[in-house]
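Colleague: Quick one: structure below, then a few questions.
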Amino acid sequence: MEPNVSKTPNNVLVSENIPNLGKPAVRKSPWRTAWKKLLRDKAAVAGLLLLLIILLITLLAPILPLANPEKVNLMNRLKPIGTEGHLLGTDDLGRDIFSRLIWGGRVSITVGFIAVVIALFFGAILGLIAGYFQKFFDTVIMRFIDILMAFPYVLLAIAIIAALGPGLMNTMIAISIVGIPYYARIVRSSALMFRNMEFVLAERALGAGHIHIIFHHILPNCLPPIIVAASLDVGWMILAASGMSFLGLGAQPPMAEWGVMLSEGQKFIRVAPHVSLLPGFAIFLVVLAVNLVGDGFRDALDPKTK
């Protein structure tokens, strides 16, 4: 059977059985492909929805009809869950636990995310410099990173807070410094891999400067592992900030913060366990949601799973 052909005005035969002949193939964006893979992961989607709900509630705290989280009413102290006017009961000073949970979430989650951003920024800069320039820069930077990693994370954070003084801002600085080596090593390993690839060598041959190569070619290729690491690290930062507050080194009373609520409620764990269990459960939910999303990002951005 002969193929169907037609003639153009110039009498050139064109096959009608190949309608897409000559059209360039559409290249799928890797980010769009990763997003579709993430949406197919039921656990990651559930974690993302849970995290968005929690973030939305905490962001709307100023306009929600909540009681003053720092208002003391000793006549209503240690009320159980379901008390009229106090959905989740009250603490030892009669403060509404529901209100303190929402306002405390604003503090704990904000500290966790900001700490990750700070650690990621400085860690990525150090990792790019060490991995791209190597030699002297690599030796100095990575020996500094090795010194930081020689100390246990929690002890190093406590030592930094002890030097700076207790407080929420100093806690955020401390856990950020502790997180810098994590990102520096990830970015350095990626920079070492990409610096000698053909597209970077071609840019050098064309006369491109180091700054242009680093920020326009190497850094974009380092983003997938950075995003995965950051998404998994947010949960640890929230736990670390709450832990420092629990030890009395972070947020200070009467501020509503989950670690502070845990610390204050531990004395009444026998008579009113909900005072401690509720902020602990809130931390559990946020960290679980963040880890589910982080695992989803890791699977979606891993080229081995394609």
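Residues in the structure tokens are numbered from 1 in each chain, the chains being A, B, ... in the order shown, and ligands are numbered from 1 in the order shown.
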Going by DSSP on the backbone, which bits of stretch 72-260 of chain A are strand (DSSP E or B)? Write them as a short mmCIF file (atom, residue, chain, number, x, y, z; two decimals) with N, CA and C atoms, in the first residue's frame, please.

Modeller:
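Contents of the output file result-v4.cif:
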data_model
loop_
_atom_site.label_atom_id
_atom_site.label_comp_id
_atom_site.auth_asym_id
_atom_site.auth_seq_id
_atom_site.Cartn_x
_atom_site.Cartn_y
_atom_site.Cartn_z
N THR A 83 -13.65 22.53 78.67
CA THR A 83 -14.24 23.50 79.58
C THR A 83 -14.90 24.62 78.78
N HIS A 86 -13.05 27.51 77.10
CA HIS A 86 -11.64 27.10 76.96
C HIS A 86 -11.63 25.72 76.32
N THR A 90 -7.03 25.09 80.36
CA THR A 90 -6.14 26.18 80.76
C THR A 90 -4.89 25.63 81.43
N ASP A 96 -5.50 30.45 78.44
CA ASP A 96 -6.16 29.57 77.48
C ASP A 96 -5.13 28.82 76.65
#

Colleague: Quick one: residues within 12 Å of A:Leu247, only C-alpha atoms counted, chain neighbours fewer than 2 positions away excluded, as a compact mmCIF listing (two decimals) with N, CA, C and O atoms, in the first residue's frame?

Modeller:
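File produced: selection-v3.txt:
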# COMPACT_ATOMS: atom_id res chain seq x y z
N VAL A 154 23.69 19.55 69.73
CA VAL A 154 22.97 20.15 70.85
C VAL A 154 23.93 20.87 71.79
O VAL A 154 23.67 22.00 72.24
N ALA A 157 25.07 24.13 70.24
CA ALA A 157 24.02 25.15 70.32
C ALA A 157 23.92 25.71 71.73
O ALA A 157 23.79 26.93 71.92
N ILE A 158 23.99 24.84 72.73
CA ILE A 158 23.93 25.31 74.12
C ILE A 158 25.12 26.20 74.44
O ILE A 158 24.98 27.23 75.12
N ILE A 161 24.56 29.64 72.86
CA ILE A 161 23.55 30.40 73.60
C ILE A 161 24.11 30.87 74.94
O ILE A 161 23.83 31.99 75.38
N ALA A 162 24.92 30.02 75.57
CA ALA A 162 25.53 30.42 76.84
C ALA A 162 26.45 31.63 76.65
O ALA A 162 26.54 32.50 77.53
N PRO A 166 20.65 33.84 76.98
CA PRO A 166 19.38 33.21 76.61
C PRO A 166 18.45 34.20 75.91
O PRO A 166 18.51 35.40 76.14
N GLY A 167 17.61 33.67 75.04
CA GLY A 167 16.67 34.52 74.31
C GLY A 167 16.33 33.87 72.99
O GLY A 167 17.07 33.04 72.46
N THR A 171 18.84 32.01 70.27
CA THR A 171 18.57 30.60 69.97
C THR A 171 18.54 30.38 68.47
O THR A 171 19.10 29.40 67.95
N ALA A 240 14.76 21.70 67.68
CA ALA A 240 15.90 22.28 68.40
C ALA A 240 15.49 23.57 69.11
O ALA A 240 15.86 23.79 70.27
N ALA A 241 14.73 24.42 68.43
CA ALA A 241 14.30 25.67 69.05
C ALA A 241 13.40 25.40 70.25
O ALA A 241 13.53 26.04 71.30
N SER A 242 12.47 24.46 70.11
CA SER A 242 11.58 24.11 71.22
C SER A 242 12.38 23.49 72.36
O SER A 242 12.09 23.74 73.54
N GLY A 243 13.39 22.68 72.02
CA GLY A 243 14.22 22.08 73.05
C GLY A 243 15.01 23.10 73.84
O GLY A 243 15.13 23.00 75.07
N MET A 244 15.55 24.10 73.14
CA MET A 244 16.27 25.16 73.85
C MET A 244 15.35 25.94 74.77
O MET A 244 15.72 26.32 75.88
N SER A 245 14.12 26.19 74.30
CA SER A 245 13.14 26.90 75.14
C SER A 245 12.74 26.04 76.34
O SER A 245 12.54 26.54 77.44
N LEU A 249 16.66 28.23 77.68
CA LEU A 249 17.67 28.99 76.95
C LEU A 249 17.10 29.76 75.76
O LEU A 249 17.77 30.64 75.23
N GLY A 250 15.87 29.42 75.36
CA GLY A 250 15.27 30.05 74.20
C GLY A 250 14.27 31.12 74.59
O GLY A 250 14.59 32.05 75.33
N ALA A 251 13.05 30.97 74.08
CA ALA A 251 11.98 31.92 74.42
C ALA A 251 11.75 31.89 75.93
O ALA A 251 11.82 30.84 76.56
N GLN A 252 11.47 33.05 76.49
CA GLN A 252 11.31 33.17 77.93
C GLN A 252 9.84 33.44 78.28
O GLN A 252 9.12 34.11 77.54
N PRO A 253 9.37 32.87 79.41
CA PRO A 253 8.00 33.17 79.87
C PRO A 253 7.82 34.67 80.08
O PRO A 253 8.80 35.36 80.40
N GLY A 259 7.95 25.15 73.25
CA GLY A 259 8.95 24.67 74.20
C GLY A 259 8.72 25.22 75.60
O GLY A 259 8.86 24.50 76.60
N VAL A 260 8.35 26.49 75.68
CA VAL A 260 8.05 27.10 76.97
C VAL A 260 6.83 26.43 77.60
O VAL A 260 6.79 26.15 78.81
N MET A 261 5.81 26.15 76.80
CA MET A 261 4.61 25.49 77.31
C MET A 261 4.94 24.09 77.84
O MET A 261 4.40 23.67 78.87
N LEU A 262 5.80 23.38 77.15
CA LEU A 262 6.23 22.06 77.63
C LEU A 262 6.95 22.17 78.97
O LEU A 262 6.71 21.38 79.89
N SER A 263 7.84 23.14 79.06
CA SER A 263 8.61 23.32 80.29
C SER A 263 7.71 23.68 81.47
O SER A 263 7.88 23.16 82.58
N GLU A 264 6.74 24.56 81.22
CA GLU A 264 5.86 24.98 82.30
C GLU A 264 4.88 23.87 82.69
O GLU A 264 4.48 23.77 83.86
N GLN A 266 5.39 20.53 82.59
CA GLN A 266 5.94 19.28 83.11
C GLN A 266 5.72 19.12 84.61
O GLN A 266 5.64 17.99 85.12

Colleague: Between A:Ala205, A:Ile118, A:Ile186, A:Met75, single out the one closest to A:Ala130, counting only C-alpha atoms.

Modeller: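 Going through A:Ala205, A:Ile118, A:Ile186, A:Met75 one by one, the smallest distance to A:Ala130 is for A:Ile186.
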
Colleague: Counting only C-alpha atoms, figure out which residue out of A:Ile145, A:Ala282, A:Leu50, A:Ile180 gets nearest to A:Ala230.

Modeller: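 Result for the nearest residue to A:Ala230: A:Ile180.
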
Colleague: Would you mind listing what lies within 7 Å of A:Ala119 as a list in words, with only C-alpha atoms counted and same-chain residues fewer than 3 positions away left out?

Modeller: Ala115, Val116, Phe122, Gly123, Ser176, Ile177, Gly179 and Ile180 of chain A

Colleague: Please save N, CA and C atoms of the selected residues as a PDB file, in the first residue's frame.

Modeller:
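Wrote it out as part_8.pdb, contents follow:
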ATOM      1  N   ALA A 115      15.715  29.926  60.722  1.00  0.00           N
ATOM      2  CA  ALA A 115      16.998  29.291  61.019  1.00  0.00           C
ATOM      3  C   ALA A 115      17.493  28.474  59.830  1.00  0.00           C
ATOM      4  N   VAL A 116      16.591  27.774  59.154  1.00  0.00           N
ATOM      5  CA  VAL A 116      16.978  27.000  57.973  1.00  0.00           C
ATOM      6  C   VAL A 116      17.467  27.925  56.855  1.00  0.00           C
ATOM      7  N   PHE A 122      24.388  30.794  54.325  1.00  0.00           N
ATOM      8  CA  PHE A 122      25.820  30.802  54.603  1.00  0.00           C
ATOM      9  C   PHE A 122      26.474  29.465  54.254  1.00  0.00           C
ATOM     10  N   GLY A 123      25.775  28.364  54.478  1.00  0.00           N
ATOM     11  CA  GLY A 123      26.327  27.067  54.119  1.00  0.00           C
ATOM     12  C   GLY A 123      26.517  26.930  52.617  1.00  0.00           C
ATOM     13  N   SER A 176      21.144  28.096  63.806  1.00  0.00           N
ATOM     14  CA  SER A 176      21.558  28.382  62.425  1.00  0.00           C
ATOM     15  C   SER A 176      23.026  28.051  62.226  1.00  0.00           C
ATOM     16  N   ILE A 177      23.861  28.464  63.163  1.00  0.00           N
ATOM     17  CA  ILE A 177      25.301  28.167  63.066  1.00  0.00           C
ATOM     18  C   ILE A 177      25.538  26.666  63.069  1.00  0.00           C
ATOM     19  N   GLY A 179      23.615  24.458  61.914  1.00  0.00           N
ATOM     20  CA  GLY A 179      23.169  23.862  60.656  1.00  0.00           C
ATOM     21  C   GLY A 179      24.020  24.197  59.451  1.00  0.00           C
ATOM     22  N   ILE A 180      24.925  25.161  59.566  1.00  0.00           N
ATOM     23  CA  ILE A 180      25.743  25.568  58.424  1.00  0.00           C
ATOM     24  C   ILE A 180      26.579  24.423  57.844  1.00  0.00           C
TER      25      ILE A 180
END

Colleague: Using only C-alpha atoms for the distances, tell me which of A:Arg95, A:Arg106, A:His216, A:Arg298 is nearest to A:Ile238.

Modeller: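 When distances to A:Ile238 are compared using only C-alpha atoms, the smallest one comes from A:Arg106.
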
Colleague: Run DSSP on the backbone of this structure and report the residues of stretch 22-219 of chain A it assigns to helix (DSSP H, G or I), as a ChimeraX atom specification.

Modeller: /A:30-40,42-59,74-76,97-133,135-149,153-164,168-194,198-205,210-219

Colleague: Rounded to one decimal place, report the atom CA of A:Asn291-atom CA of A:Leu278 distance in Å.

Modeller: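 We find that atom CA of A:Asn291 and atom CA of A:Leu278 lie 19.9 Å from each other.
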
Colleague: Tell me which protein, DNA and RNA residues are within 9 Å of A:Leu156, counting only C-alpha atoms, leaving out same-chain ones fewer than 5 positions away, and put them as number ranges by chain.

Modeller: A: 148, 151, 161, 174-175, 178

Colleague: What does the distance between atom CA of A:Val107 and atom CA of A:Val290 come to in Å, to one decimal place?

Modeller: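 Value for the atom CA of A:Val107-atom CA of A:Val290 distance: 16.3 Å.
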
Colleague: Please identify all polymer residues within 9 Å of A:Leu192, counting only C-alpha atoms, omitting same-chain residues fewer than 6 positions from it, and present them as a list of chain:residue names.

Modeller: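 The residues that qualify are A:Leu128, A:Ala130, A:Gly131, A:Tyr132, A:Gln134.
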
Colleague: Per residue of stretch 152-238 of chain A within 10 Å of stretch 293-297 of chain A, record the nearest atom pair and its distance in Å to one decimal, counting only C-alpha atoms, with rows in chain order and ascending residue number, as CSV.

Modeller:
residue,atom,partner,partner_atom,distance
A:Pro224,CA,A:Phe297,CA,8.6
A:Pro225,CA,A:Phe297,CA,9.4
A:Ile227,CA,A:Phe297,CA,7.7
A:Val228,CA,A:Phe297,CA,5.8
A:Ala229,CA,A:Gly294,CA,7.7
A:Ala230,CA,A:Gly294,CA,8.0
A:Ser231,CA,A:Gly294,CA,4.7
A:Leu232,CA,A:Gly294,CA,4.8
A:Asp233,CA,A:Gly294,CA,8.5
A:Val234,CA,A:Gly294,CA,9.1
A:Gly235,CA,A:Gly294,CA,9.4

Colleague: Next, write the just-selected residues to a file, as a PDB file, in the first residue's frame, keeping C-alpha atoms as the atom set.

Modeller:
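Done, and the output landed in result_38.pdb:
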ATOM      1  CA  PRO A 224      17.541  19.802  44.048  1.00  0.00           C
ATOM      2  CA  PRO A 225      19.710  18.408  46.886  1.00  0.00           C
ATOM      3  CA  ILE A 227      15.710  21.784  48.567  1.00  0.00           C
ATOM      4  CA  VAL A 228      15.517  18.218  49.846  1.00  0.00           C
ATOM      5  CA  ALA A 229      17.964  18.932  52.676  1.00  0.00           C
ATOM      6  CA  ALA A 230      16.162  22.135  53.696  1.00  0.00           C
ATOM      7  CA  SER A 231      12.720  20.505  53.691  1.00  0.00           C
ATOM      8  CA  LEU A 232      13.983  17.718  55.960  1.00  0.00           C
ATOM      9  CA  ASP A 233      15.906  20.129  58.178  1.00  0.00           C
ATOM     10  CA  VAL A 234      12.968  22.394  59.070  1.00  0.00           C
ATOM     11  CA  GLY A 235      11.563  19.781  61.430  1.00  0.00           C
TER      12      GLY A 235
END

Colleague: For each of A:Gly265, A:Pro69, A:Gly82, A:Gly47, take the minimum atom-to-atom distance to A:Gly105, counting only C-alpha atoms, then give the residue where this is smallest.

Modeller: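 Of all the options, A:Pro69 lies closest to A:Gly105.
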
Colleague: Which residues, written as a list in words, have at least one atom at most 10 Å from A:Val45, with only C-alpha atoms counted and residues fewer than 4 positions away on the same chain left out?

Modeller: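 In the requested form, the answer reads Leu38, Leu39, Arg40, Asp41, Leu49, Leu50, Leu51, Ala289, Leu292, Val293 and Gly296 of chain A.
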
Colleague: Output C-alpha atoms of each residue in that selection to a file, as a CSV table (one decimal), in the first residue's frame.

Modeller:
chain,number,residue,atom,x,y,z
A,38,LEU,CA,5.1,14.8,44.3
A,39,LEU,CA,1.4,15.1,43.8
A,40,ARG,CA,1.2,11.3,43.1
A,41,ASP,CA,2.8,10.6,46.5
A,49,LEU,CA,-2.0,19.7,53.3
A,50,LEU,CA,-1.5,19.3,57.1
A,51,LEU,CA,1.4,21.8,57.0
A,289,ALA,CA,4.1,17.0,58.2
A,292,LEU,CA,6.5,13.7,54.9
A,293,VAL,CA,6.9,16.7,52.5
A,296,GLY,CA,8.2,13.5,48.9

Colleague: Find the spatial neighbours of A:Asn68, counting only C-alpha atoms, within a cut-off of 12 Å - ignore same-chain residues fewer than 6 positions away - and output them as a PyMOL selection string.

Modeller: chain A and resi 61-62+86+94-103+254-256

Colleague: Any chance you could tabulate, as a tab-separated table, the residues of stretch 66-99 of chain A at most 10 Å from stretch 267-275 of chain A with each one's nearest atom pair and distance in Å to one decimal, using only C-alpha atoms, in chain and rising number order?

Modeller:
residue	atom	partner	partner_atom	distance
A:Leu78	CA	A:Ala272	CA	6.4
A:Lys79	CA	A:Ala272	CA	8.2
A:Pro80	CA	A:Ala272	CA	7.3
A:Ile81	CA	A:His274	CA	7.6
A:Leu88	CA	A:His274	CA	8.1
A:Gly89	CA	A:His274	CA	8.1
A:Thr90	CA	A:Val275	CA	7.4
A:Asp91	CA	A:Val275	CA	5.8
A:Asp92	CA	A:Phe268	CA	8.0
A:Ile97	CA	A:Val275	CA	7.4

Colleague: Ranking A:Ala44, A:Asp138, A:Leu55, A:Glu203 by minimum distance to A:Thr110 and counting only C-alpha atoms, which one comes first?

Modeller: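 Result for the nearest residue to A:Thr110: A:Leu55.
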